[in-house]
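Colleague: One structure, as structure tokens, below. Some questions next.
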Amino acid sequence: MSDANSAAKPKQKQRGASQAAVAWRRFRRNKSALAGAVIVGFFIFISIYGIFFAPYPSRSYYCLTNGCANLPPFVNWAHPLGTEYSGIDVFSEILHGALGDLYVGVVATAISVAVGLVIGAFAGYRSGAVSAMLLGITQIFFTLPVLVIILLFARIAQILVAQGLGLTLIVVILGIFGWPTIAFVTRGEILRIKELEFVQAARSLGASNSRILFRHILLNVMSPIIVLASLLVAGNILTEVVISFLGFGSPNTSTWGLLLQEGFLYVRTSWWVSLFPGIAVVVAVLGFNLLGDGLSDALNPRIRE
Amino acid sequence: MGELLRVENLRTYFFTEAGVVKAVDDVSFVVNEGEPLGLVGESGSGKTVTVLSAMGIVTKPGRIVSGKIFFRGQELDHASENEMRKIRGKKIGYVSQDPNSSLDPLYTIGNQLQEVIRTHFEVSKDEGWDRGIKLLKLVGIPEAETRMKSFPHELSGGMRQRVAIARALAGEPELLVADEPTTNLDVTIQAQVLELLKTLEKDLQMSLILITHDMGLIAEMTDRVVVLYAGKVAEEASTHELFQTPRHPYSAALLNSVPRLDRKAALVPIGGGIPNLITPPNGCRFHPRCAFTKQVCMDQIPPLEDIGGRRAVSCHRWKEIELRRNV
């Protein structure tokens, strides 16, 4: 009898569907979001692939001395995307540039998110003079012509202090100028969430301030921040391209922006040097934007399929 | 029957840009063991703020301006966050109004129960989990083991409210505050939740404060009532006496605005709305809406007068006027 009973018992489900599981289900059904994820995945893959398997090292002028400079693409399969007039292999350089741009995009975004979260959390959770001041600073940042200031900083820092820093300098500068949006959104979300009843409930049941802030409030803030971060990566890659294109970047580290700029000088004759990194930038930025949009739809509980 | 919670001359003001909102203005009452107390009044009369003040969780711009709170005769030091945290959940459990938002959507029911249990007791995670299952069984949730792994959005409103009650019980409090526990529930579920609260009160020998605007709930659930109006105590009495002979015109008006099945009587709504608490009316705060207003009501604030038999009323004219429930 008991055996029959236990056999008839329906299989217990192990765990309910968490917010993350629900979001993933929604994300999976969104084709453009999936496309974004695939592009981003591919971007990460080639940047890692480039470290180990790129045919030529970063910034190598191999062809200058070996007679293969300024080759058009799809002619010589040792140089599938052609070479530049000074002997740089475009395909290898795109692989290396992927790593550089990934570094710029992700690390600068990480800095922005860290700074923005701390400032936004403080401004939202506490009230008082310091919070008001932080909010004021954030708003001042919005009014600044950020690109011009970034260029200025990049040039000054390159000359004065950080000649050896290369790309890291750009990363730090982008990180420092990227946080205001994050801080602003974090603050707004925290102002909303801290009034929700589960926060009051946690407090009424003896949870400490830090526990409420980290466990209950910040985690609930994360979904818009994840979306913003994804979009910010795209923005940072673009800004890096602009900086390099204008000649303010690091001349010794491979990035797509640098290759674009080098090719631009001879774009009438050697169009391929600029075209391929240009396509790479467009696709990568598109990928991160699609991913961000998809995450935004998936994580927003108000949008139900 | 010992005294559990005593609130003395509590004033909690909200310092907003528009001015100082005197949400709770000189409120005193006592909760005794085994004597469920109802706090009743319209929205904005200061019921919830009173209780939040007692627990020391009024959020800015609100602040306790003056007053003392005693728990079992011991004054609570609201300045000490650490000490207050031991009161919250451990001595006083709080069930908030809206079960849909009182549970954190990111954690399983089990996680949330475990969190509270492990805040108040030094037990292992497994032990916390097992206690959580017991709590869910206590509040009548079927398949407690499975439900522990569910997320709040997978439960119905009534279930969520049961979970919220279980969570409030996790610290084994001596006093449970139920803040409009049924307002957001279906009528059928309301009855179940009330039944549950009654059983828990009896079985766990726990005292109860019920915050509500529903006189029906007051009649069913409580032994004593404090009627609040615009941040002040209008009347305090045993539930039975209040329903038989309300002494304050506001109490009478509240009773008359509730439908009755046993007699045919017109429902009488209370005219007007709750006053602006930044600039409350002079004198008695109820005078603009009161049918018995005289000059004295407009000029002087009526004191909360002890009228014997553990009753108190705050009305200049309670002796002269005859209040009746509608015949």
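Chain labels follow the order of the structure tokens: the first chain is A, the next B, and so on; residue numbering restarts at 1 in every chain, and ligands are counted from 1 in their shown order.
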Got a sec to pull out which chain B residues are within 7 Å of chain A, counting only C-alpha atoms, and send them as a list in words?

Modeller: Ile57, Arg85, Lys86, Arg88, Gly89, Gly93, Tyr94, Ser96, Ser101, Ser102, Leu103, Asp104, Leu106, Val116, Thr119, Lys149, Ser150, Phe151 and Ala168 of chain B

Colleague: If we count only C-alpha atoms, what is near segment 202-207 of chain B at a cut-off of 9 Å, once residues fewer than 5 positions away on the same chain are taken out, given as number ranges by chain?

Modeller: B: 4, 31-37, 172-177, 197

Colleague: Please run DSSP on the backbone and report, as a PyMOL selection string, all residues within segment 85-270 of chain B that come out as strand (DSSP E).

Modeller: chain B and resi 92-95+175-179+207-212+224-229+232-238

Colleague: So which residues touch Val49 of chain B within 10 Å, counting only C-alpha atoms, skipping near sequence neighbours fewer than 2 positions away, as a PyMOL selection string?

Modeller: chain B and resi 11-13+23-24+44-47+51-59+62+64+231

Colleague: Keeping N, CA and C atoms, export the residues of the selection given above as a CSV table (one decimal), in the first residue's frame.

Modeller:
```
chain,number,residue,atom,x,y,z
B,11,ARG,N,4.7,61.5,20.5
B,11,ARG,CA,4.6,62.4,19.4
B,11,ARG,C,5.5,62.1,18.3
B,12,THR,N,5.0,61.8,17.1
B,12,THR,CA,5.8,61.5,16.0
B,12,THR,C,5.4,62.5,14.9
B,13,TYR,N,6.4,63.3,14.5
B,13,TYR,CA,6.1,64.3,13.5
B,13,TYR,C,6.9,64.0,12.2
B,23,ALA,N,1.7,63.6,12.8
B,23,ALA,CA,1.0,62.4,12.5
B,23,ALA,C,0.5,61.7,13.7
B,24,VAL,N,1.3,61.7,14.8
B,24,VAL,CA,0.9,61.2,16.1
B,24,VAL,C,1.2,62.3,17.1
B,44,GLY,N,-4.8,57.6,7.8
B,44,GLY,CA,-4.1,58.9,8.1
B,44,GLY,C,-4.4,59.3,9.5
B,45,SER,N,-5.0,58.4,10.4
B,45,SER,CA,-5.2,58.9,11.7
B,45,SER,C,-4.0,58.6,12.6
B,46,GLY,N,-3.0,57.9,12.1
B,46,GLY,CA,-1.8,57.7,12.9
B,46,GLY,C,-1.7,56.3,13.5
B,47,LYS,N,-2.5,55.4,13.0
B,47,LYS,CA,-2.4,54.0,13.6
B,47,LYS,C,-1.1,53.4,13.3
B,51,VAL,N,2.5,52.5,15.9
B,51,VAL,CA,3.2,51.3,16.1
B,51,VAL,C,4.6,51.3,15.6
B,52,LEU,N,4.8,51.9,14.4
B,52,LEU,CA,6.2,51.9,13.9
B,52,LEU,C,7.1,52.7,14.8
B,53,SER,N,6.5,53.8,15.4
B,53,SER,CA,7.3,54.6,16.4
B,53,SER,C,7.7,53.7,17.6
B,54,ALA,N,6.8,52.9,18.1
B,54,ALA,CA,7.1,52.1,19.2
B,54,ALA,C,8.2,51.1,18.9
B,55,MET,N,8.3,50.6,17.6
B,55,MET,CA,9.3,49.7,17.2
B,55,MET,C,10.6,50.5,16.8
B,56,GLY,N,10.5,51.8,16.7
B,56,GLY,CA,11.6,52.6,16.3
B,56,GLY,C,12.0,52.5,14.9
B,57,ILE,N,11.0,52.3,14.0
B,57,ILE,CA,11.3,52.2,12.6
B,57,ILE,C,10.6,53.2,11.7
B,58,VAL,N,10.3,54.4,12.3
B,58,VAL,CA,9.8,55.5,11.5
B,58,VAL,C,10.9,55.9,10.6
B,59,THR,N,10.6,56.1,9.3
B,59,THR,CA,11.7,56.5,8.4
B,59,THR,C,11.6,58.0,8.2
B,62,GLY,N,10.2,61.4,9.1
B,62,GLY,CA,9.5,61.2,10.3
B,62,GLY,C,10.5,61.1,11.5
B,64,ILE,N,10.5,60.7,16.1
B,64,ILE,CA,9.8,60.7,17.3
B,64,ILE,C,10.2,61.9,18.1
B,231,GLY,N,-4.3,61.7,14.7
B,231,GLY,CA,-3.1,61.7,15.5
B,231,GLY,C,-3.3,61.8,17.0
```

Colleague: Need to verify the contact set: Ser223 of chain A, 9 Å, only C-alpha atoms, exclusion of same-chain residues closer than 3 positions in sequence. Can you return it as a ChimeraX atom specification?

Modeller: /A:219-220,226-228,295-296,299-300

Colleague: Can you tell me, as a ChimeraX atom specification, what residues are no more than 6 Å from Pro152 of chain B when counting only C-alpha atoms, ignoring any on the same chain fewer than 2 positions away?

Modeller: /B:105,154-155
